[in-house]
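Everything below belongs to my_file02.cif, which stores mmCIF, N, CA and C atoms.
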```cif
data_work
loop_
_atom_site.label_atom_id
_atom_site.label_comp_id
_atom_site.auth_asym_id
_atom_site.auth_seq_id
_atom_site.Cartn_x
_atom_site.Cartn_y
_atom_site.Cartn_z
N MET A 118 59.95 35.25 -4.92
CA MET A 118 60.46 36.59 -5.06
C MET A 118 60.16 37.15 -6.46
N TYR A 119 60.29 36.28 -7.48
CA TYR A 119 59.99 36.74 -8.84
C TYR A 119 58.52 37.14 -8.96
N GLY A 120 57.66 36.35 -8.33
CA GLY A 120 56.23 36.63 -8.38
C GLY A 120 55.88 37.94 -7.71
N ALA A 121 56.49 38.20 -6.56
CA ALA A 121 56.22 39.44 -5.82
C ALA A 121 56.69 40.66 -6.60
N LEU A 122 57.88 40.57 -7.18
CA LEU A 122 58.40 41.70 -7.96
C LEU A 122 57.54 41.94 -9.20
N THR A 123 57.14 40.85 -9.86
CA THR A 123 56.27 40.99 -11.03
C THR A 123 54.96 41.63 -10.63
N ASN A 124 54.40 41.18 -9.52
CA ASN A 124 53.14 41.74 -9.01
C ASN A 124 53.28 43.24 -8.79
N LEU A 125 54.35 43.64 -8.15
CA LEU A 125 54.58 45.06 -7.85
C LEU A 125 54.70 45.89 -9.13
N PHE A 126 55.53 45.44 -10.06
CA PHE A 126 55.76 46.23 -11.27
C PHE A 126 54.52 46.29 -12.17
N VAL A 127 53.84 45.17 -12.33
CA VAL A 127 52.62 45.17 -13.16
C VAL A 127 51.57 46.07 -12.52
N ASN A 128 51.46 46.02 -11.21
CA ASN A 128 50.50 46.86 -10.51
C ASN A 128 50.82 48.33 -10.70
N LEU A 129 52.08 48.70 -10.54
CA LEU A 129 52.47 50.10 -10.70
C LEU A 129 52.25 50.60 -12.13
N ILE A 130 52.48 49.74 -13.10
CA ILE A 130 52.30 50.14 -14.50
C ILE A 130 50.82 50.30 -14.85
N LEU A 131 49.98 49.38 -14.38
CA LEU A 131 48.58 49.36 -14.80
C LEU A 131 47.63 50.18 -13.94
N ILE A 132 48.03 50.57 -12.74
CA ILE A 132 47.09 51.19 -11.80
C ILE A 132 46.45 52.46 -12.35
N LYS A 133 47.19 53.27 -13.11
CA LYS A 133 46.60 54.51 -13.62
C LYS A 133 45.68 54.26 -14.83
N TYR A 134 45.79 53.10 -15.46
CA TYR A 134 44.97 52.81 -16.63
C TYR A 134 43.68 52.07 -16.28
N VAL A 135 43.76 51.10 -15.37
CA VAL A 135 42.57 50.28 -15.08
C VAL A 135 42.16 50.33 -13.62
N GLY A 136 42.82 51.13 -12.82
CA GLY A 136 42.42 51.32 -11.43
C GLY A 136 42.56 50.07 -10.58
N LEU A 137 41.50 49.75 -9.87
CA LEU A 137 41.51 48.64 -8.93
C LEU A 137 41.74 47.29 -9.61
N PHE A 138 41.34 47.16 -10.85
CA PHE A 138 41.54 45.91 -11.57
C PHE A 138 43.03 45.59 -11.76
N ALA A 139 43.87 46.61 -11.67
CA ALA A 139 45.31 46.39 -11.80
C ALA A 139 45.82 45.46 -10.70
N ALA A 140 45.28 45.61 -9.50
CA ALA A 140 45.70 44.76 -8.39
C ALA A 140 45.34 43.30 -8.66
N ALA A 141 44.14 43.07 -9.15
CA ALA A 141 43.73 41.69 -9.44
C ALA A 141 44.57 41.10 -10.56
N PHE A 142 44.77 41.86 -11.62
CA PHE A 142 45.53 41.33 -12.75
C PHE A 142 47.00 41.12 -12.39
N SER A 143 47.57 42.05 -11.64
CA SER A 143 48.98 41.89 -11.26
C SER A 143 49.16 40.70 -10.32
N THR A 144 48.18 40.44 -9.47
CA THR A 144 48.25 39.26 -8.60
C THR A 144 48.20 37.99 -9.44
N PHE A 145 47.34 37.97 -10.45
CA PHE A 145 47.26 36.82 -11.36
C PHE A 145 48.61 36.60 -12.05
N VAL A 146 49.19 37.66 -12.57
CA VAL A 146 50.47 37.54 -13.27
C VAL A 146 51.57 37.09 -12.31
N GLY A 147 51.57 37.63 -11.09
CA GLY A 147 52.57 37.24 -10.10
C GLY A 147 52.46 35.77 -9.73
N PHE A 148 51.23 35.29 -9.51
CA PHE A 148 51.04 33.88 -9.19
C PHE A 148 51.41 32.99 -10.38
N PHE A 149 51.14 33.45 -11.58
CA PHE A 149 51.49 32.68 -12.77
C PHE A 149 53.01 32.54 -12.88
N ILE A 150 53.73 33.62 -12.62
CA ILE A 150 55.19 33.57 -12.63
C ILE A 150 55.70 32.62 -11.55
N MET A 151 55.10 32.68 -10.36
CA MET A 151 55.50 31.76 -9.29
C MET A 151 55.24 30.31 -9.69
N TRP A 152 54.11 30.06 -10.35
CA TRP A 152 53.77 28.70 -10.78
C TRP A 152 54.79 28.19 -11.80
N ILE A 153 55.14 29.03 -12.76
CA ILE A 153 56.14 28.63 -13.76
C ILE A 153 57.48 28.34 -13.07
N THR A 154 57.86 29.18 -12.13
CA THR A 154 59.12 28.97 -11.40
C THR A 154 59.09 27.65 -10.64
N ARG A 155 57.99 27.36 -9.96
CA ARG A 155 57.88 26.10 -9.21
C ARG A 155 57.88 24.89 -10.14
N MET A 156 57.18 24.99 -11.25
CA MET A 156 57.17 23.88 -12.21
C MET A 156 58.59 23.59 -12.70
N TYR A 157 59.34 24.64 -12.96
CA TYR A 157 60.72 24.47 -13.41
C TYR A 157 61.60 23.89 -12.31
N ASP A 158 61.40 24.35 -11.06
CA ASP A 158 62.22 23.87 -9.94
C ASP A 158 62.02 22.39 -9.64
N VAL A 159 60.79 21.90 -9.74
CA VAL A 159 60.50 20.53 -9.31
C VAL A 159 60.39 19.54 -10.46
N LYS A 160 60.63 19.97 -11.68
CA LYS A 160 60.41 19.09 -12.83
C LYS A 160 61.26 17.82 -12.79
N ASP A 161 62.45 17.87 -12.21
CA ASP A 161 63.30 16.68 -12.13
C ASP A 161 62.86 15.74 -11.01
N ASP A 162 62.40 16.29 -9.89
CA ASP A 162 62.01 15.48 -8.74
C ASP A 162 60.59 14.94 -8.86
N PHE A 163 59.68 15.75 -9.38
CA PHE A 163 58.28 15.37 -9.49
C PHE A 163 57.78 15.68 -10.90
N PRO A 164 57.93 14.75 -11.80
CA PRO A 164 57.45 15.02 -13.17
C PRO A 164 55.93 15.17 -13.19
N ILE A 165 55.47 16.30 -13.68
CA ILE A 165 54.05 16.60 -13.73
C ILE A 165 53.63 16.66 -15.19
N ALA A 166 52.65 15.84 -15.53
CA ALA A 166 52.13 15.84 -16.90
C ALA A 166 51.19 17.03 -17.06
N LEU A 167 51.41 17.80 -18.09
CA LEU A 167 50.60 18.98 -18.34
C LEU A 167 50.11 18.94 -19.77
N ASN A 168 48.80 18.98 -19.93
CA ASN A 168 48.22 19.03 -21.26
C ASN A 168 48.36 20.47 -21.76
N LYS A 169 49.34 20.71 -22.60
CA LYS A 169 49.66 22.07 -23.02
C LYS A 169 48.53 22.70 -23.84
N PHE A 170 47.80 21.89 -24.60
CA PHE A 170 46.69 22.43 -25.39
C PHE A 170 45.60 22.97 -24.47
N LYS A 171 45.17 22.15 -23.50
CA LYS A 171 44.13 22.59 -22.58
C LYS A 171 44.62 23.78 -21.74
N PHE A 172 45.85 23.71 -21.31
CA PHE A 172 46.40 24.80 -20.51
C PHE A 172 46.39 26.11 -21.29
N THR A 173 46.79 26.06 -22.55
CA THR A 173 46.80 27.26 -23.39
C THR A 173 45.39 27.80 -23.58
N ILE A 174 44.44 26.91 -23.82
CA ILE A 174 43.05 27.34 -23.99
C ILE A 174 42.55 28.00 -22.71
N TYR A 175 42.77 27.36 -21.56
CA TYR A 175 42.31 27.93 -20.28
C TYR A 175 42.98 29.27 -19.99
N LEU A 176 44.26 29.37 -20.25
CA LEU A 176 44.97 30.63 -20.02
C LEU A 176 44.42 31.73 -20.93
N PHE A 177 44.22 31.41 -22.19
CA PHE A 177 43.65 32.38 -23.13
C PHE A 177 42.27 32.83 -22.68
N LEU A 178 41.43 31.87 -22.25
CA LEU A 178 40.09 32.22 -21.78
C LEU A 178 40.15 33.10 -20.53
N ALA A 179 41.04 32.78 -19.61
CA ALA A 179 41.15 33.57 -18.38
C ALA A 179 41.58 35.00 -18.67
N ILE A 180 42.57 35.15 -19.52
CA ILE A 180 43.05 36.50 -19.86
C ILE A 180 41.99 37.26 -20.64
N SER A 181 41.36 36.60 -21.61
CA SER A 181 40.31 37.25 -22.39
C SER A 181 39.16 37.69 -21.50
N MET A 182 38.76 36.80 -20.61
CA MET A 182 37.65 37.12 -19.71
C MET A 182 38.01 38.30 -18.81
N SER A 183 39.22 38.34 -18.33
CA SER A 183 39.65 39.45 -17.47
C SER A 183 39.60 40.77 -18.22
N ILE A 184 40.08 40.78 -19.43
CA ILE A 184 40.10 42.01 -20.22
C ILE A 184 38.68 42.46 -20.55
N VAL A 185 37.84 41.52 -20.96
CA VAL A 185 36.46 41.88 -21.32
C VAL A 185 35.69 42.38 -20.10
N VAL A 186 35.88 41.75 -18.95
CA VAL A 186 35.17 42.17 -17.74
C VAL A 186 35.54 43.60 -17.36
N ILE A 187 36.78 43.97 -17.57
CA ILE A 187 37.21 45.32 -17.21
C ILE A 187 36.52 46.37 -18.07
N PHE A 188 36.35 46.09 -19.36
CA PHE A 188 35.91 47.12 -20.29
C PHE A 188 34.47 46.99 -20.77
N THR A 189 33.67 46.11 -20.18
CA THR A 189 32.30 45.94 -20.66
C THR A 189 31.29 46.08 -19.53
N ASN A 190 30.02 45.85 -19.89
CA ASN A 190 28.95 45.96 -18.90
C ASN A 190 28.54 44.57 -18.38
N THR A 191 27.57 44.54 -17.51
CA THR A 191 27.16 43.30 -16.84
C THR A 191 26.59 42.27 -17.81
N ALA A 192 25.83 42.69 -18.80
CA ALA A 192 25.23 41.73 -19.74
C ALA A 192 26.31 40.96 -20.50
N VAL A 193 27.33 41.64 -20.94
CA VAL A 193 28.44 40.97 -21.64
C VAL A 193 29.18 40.05 -20.68
N ASP A 194 29.33 40.47 -19.44
CA ASP A 194 29.99 39.63 -18.43
C ASP A 194 29.24 38.32 -18.23
N ILE A 195 27.92 38.39 -18.16
CA ILE A 195 27.11 37.18 -17.97
C ILE A 195 27.23 36.25 -19.16
N ILE A 196 27.18 36.79 -20.37
CA ILE A 196 27.34 35.97 -21.57
C ILE A 196 28.72 35.31 -21.59
N LEU A 197 29.73 36.05 -21.22
CA LEU A 197 31.09 35.52 -21.19
C LEU A 197 31.23 34.40 -20.16
N ILE A 198 30.63 34.57 -19.00
CA ILE A 198 30.67 33.53 -17.97
C ILE A 198 29.97 32.27 -18.47
N LEU A 199 28.83 32.41 -19.13
CA LEU A 199 28.12 31.25 -19.66
C LEU A 199 28.95 30.53 -20.73
N CYS A 200 29.59 31.28 -21.60
CA CYS A 200 30.42 30.67 -22.65
C CYS A 200 31.61 29.92 -22.05
N THR A 201 32.29 30.52 -21.10
CA THR A 201 33.44 29.84 -20.51
C THR A 201 33.03 28.63 -19.69
N THR A 202 31.87 28.71 -19.04
CA THR A 202 31.37 27.54 -18.31
C THR A 202 31.08 26.40 -19.28
N PHE A 203 30.48 26.71 -20.42
CA PHE A 203 30.19 25.70 -21.43
C PHE A 203 31.48 25.05 -21.94
N ILE A 204 32.48 25.85 -22.21
CA ILE A 204 33.76 25.32 -22.69
C ILE A 204 34.42 24.46 -21.61
N PHE A 205 34.34 24.90 -20.35
CA PHE A 205 34.89 24.12 -19.24
C PHE A 205 34.22 22.75 -19.15
N VAL A 206 32.90 22.72 -19.29
CA VAL A 206 32.17 21.45 -19.22
C VAL A 206 32.57 20.54 -20.37
N ILE A 207 32.72 21.08 -21.56
CA ILE A 207 33.12 20.27 -22.71
C ILE A 207 34.49 19.64 -22.48
N PHE A 208 35.44 20.42 -21.98
CA PHE A 208 36.79 19.89 -21.76
C PHE A 208 36.86 18.88 -20.62
N ASN A 209 35.94 18.97 -19.67
CA ASN A 209 36.02 18.13 -18.47
C ASN A 209 34.82 17.19 -18.33
N ILE A 210 34.18 16.84 -19.42
CA ILE A 210 32.95 16.04 -19.36
C ILE A 210 33.18 14.68 -18.71
N ASN A 211 34.31 14.04 -18.96
CA ASN A 211 34.57 12.72 -18.37
C ASN A 211 34.69 12.80 -16.85
N ILE A 212 35.37 13.80 -16.35
CA ILE A 212 35.50 13.96 -14.91
C ILE A 212 34.15 14.28 -14.29
N ILE A 213 33.38 15.13 -14.95
CA ILE A 213 32.05 15.49 -14.44
C ILE A 213 31.15 14.26 -14.38
N LYS A 214 31.21 13.40 -15.41
CA LYS A 214 30.40 12.17 -15.40
C LYS A 214 30.77 11.27 -14.23
N LYS A 215 32.07 11.14 -13.95
CA LYS A 215 32.50 10.31 -12.81
C LYS A 215 31.99 10.87 -11.49
N ILE A 216 32.07 12.17 -11.34
CA ILE A 216 31.60 12.80 -10.10
C ILE A 216 30.10 12.61 -9.93
N VAL A 217 29.34 12.83 -11.01
CA VAL A 217 27.88 12.66 -10.94
C VAL A 217 27.53 11.22 -10.64
N ASP A 218 28.23 10.26 -11.24
CA ASP A 218 27.98 8.85 -10.99
C ASP A 218 28.23 8.50 -9.52
N LYS A 219 29.33 8.98 -8.97
CA LYS A 219 29.63 8.71 -7.56
C LYS A 219 28.60 9.35 -6.64
N LEU A 220 28.19 10.57 -6.95
CA LEU A 220 27.17 11.22 -6.13
C LEU A 220 25.84 10.49 -6.21
N TYR A 221 25.47 10.04 -7.40
CA TYR A 221 24.23 9.30 -7.57
C TYR A 221 24.26 8.01 -6.76
N ASN A 222 25.36 7.26 -6.87
CA ASN A 222 25.48 6.01 -6.11
C ASN A 222 25.45 6.27 -4.60
N PHE A 223 26.08 7.33 -4.18
CA PHE A 223 26.10 7.64 -2.75
C PHE A 223 24.71 8.03 -2.25
N MET A 224 24.01 8.84 -3.03
CA MET A 224 22.70 9.32 -2.60
C MET A 224 21.64 8.22 -2.62
N PHE A 225 21.66 7.38 -3.64
CA PHE A 225 20.58 6.41 -3.80
C PHE A 225 20.94 5.00 -3.36
N ASN A 226 22.20 4.67 -3.29
CA ASN A 226 22.62 3.35 -2.85
C ASN A 226 23.27 3.39 -1.47
N GLY A 227 23.54 4.55 -0.97
CA GLY A 227 24.10 4.70 0.36
C GLY A 227 25.58 4.37 0.46
N ARG A 228 26.26 4.24 -0.64
CA ARG A 228 27.69 3.94 -0.58
C ARG A 228 28.38 4.54 -1.81
N MET A 229 29.66 4.73 -1.63
CA MET A 229 30.47 5.21 -2.74
C MET A 229 31.01 4.01 -3.50
N LYS A 230 31.01 4.11 -4.79
CA LYS A 230 31.58 3.06 -5.62
C LYS A 230 33.07 3.34 -5.75
N ASN A 231 33.90 2.33 -5.41
CA ASN A 231 35.34 2.52 -5.55
C ASN A 231 35.98 1.23 -6.03
N ASN A 232 37.26 1.27 -6.20
CA ASN A 232 37.98 0.12 -6.73
C ASN A 232 38.53 -0.79 -5.64
N VAL A 233 38.24 -0.51 -4.38
CA VAL A 233 38.75 -1.31 -3.28
C VAL A 233 37.77 -2.43 -2.98
N LYS A 234 38.27 -3.66 -2.90
CA LYS A 234 37.41 -4.81 -2.62
C LYS A 234 37.06 -4.84 -1.14
N GLN A 235 35.80 -5.07 -0.85
CA GLN A 235 35.34 -5.18 0.52
C GLN A 235 35.56 -6.59 1.04
N LYS A 236 35.88 -6.74 2.33
CA LYS A 236 36.07 -8.07 2.94
C LYS A 236 34.78 -8.61 3.49
#
```

Spit out the file's structure as structure tokens when you get a sec.
Amino acid sequence: MYGALTNLFVNLILIKYVGLFAAAFSTFVGFFIMWITRMYDVKDDFPIALNKFKFTIYLFLAISMSIVVIFTNTAVDIILILCTTFIFVIFNINIIKKIVDKLYNFMFNGRMKNNVKQK
């Protein structure tokens, strides 16, 4: 309910300034509010580890990218997408290496490498 109300109010406030982008941004804000509410509701039952540094960086990048996309042209959008992709790869290089390794083993060895012992 908090997310829906936030979505409605942000949309009504921003629609005359940024037009159709107001709907996208208000949906983002509404879902973010719902996520915070859910994290708070389940924190005692299901403790979820959250890397606050990475989360803050990703949130800042998402908001910055949204604002820049609204007010710039296509060339700037492409540069911004390339920069954020590069930052994403840097932050997630270990996961990407594991995925590439598993894909390589599957494609060339015909099996997935896992931690389960075969009988």

For this session: Could you please determine the separation between atom CA of A:Val146 and atom CA of A:Gly120 in Å, to one decimal place?
Result: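 Distance reported for this atom pair: 7.6 Å.
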
Axis-aligned box for stretch 183-189 of chain A, 4 Å per side, centre and edges in Å as AutoDock Vina command-line options:
```
--center_x 35.7 --center_y 42.7 --center_z -19.3 --size_x 16.8 --size_y 16.8 --size_z 12.1
```

For this session: Counting only C-alpha atoms, note down every residue that has an atom within 9 Å of the point (41.3, 40.4, -13.1) (file coordinates), as a PyMOL selection string.
Result: chain A and resi 138-145+179-180+182-184+186-187

For this session: In Å, rounded to a single decimal, give me how far atom N of A:Asp158 is from atom CA of A:Asn209.
Result: 27.2 Å

For this session: Just list the residues in chain A DSSP gives alpha helix (DSSP H) on the backbone, as a PyMOL selection string.
Result: chain A and resi 119-135+138-159+169-188+191-208+210-226

For this session: Give me, please, the distance in Å between atom CA of A:Val193 and atom CA of A:Leu178, quoted to one decimal.
Result: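 Between atom CA of A:Val193 and atom CA of A:Leu178 the gap works out to 14.6 Å.
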
Problem set entry | Option closest in space to A:Leu176, from A:Thr201, A:Thr123, A:Asn222, A:Thr154 [counting only C-alpha atoms] |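 Using only C-alpha atoms, A:Leu176 sits closest to A:Thr201.
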
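Among the candidates A:Val185, A:Ile174, A:Leu131, A:Met224, the one nearest to A:Phe205 when counting only C-alpha atoms is A:Ile174.
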
For this session: Give the answer as one residue: which of A:Ile204, A:Ala166, A:Ile150, A:Ile196 has the shortest atom-to-atom distance to A:Leu122, using only C-alpha atoms?
Result: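 Comparing A:Ile204, A:Ala166, A:Ile150, A:Ile196 against A:Leu122, the winner is A:Ile150.
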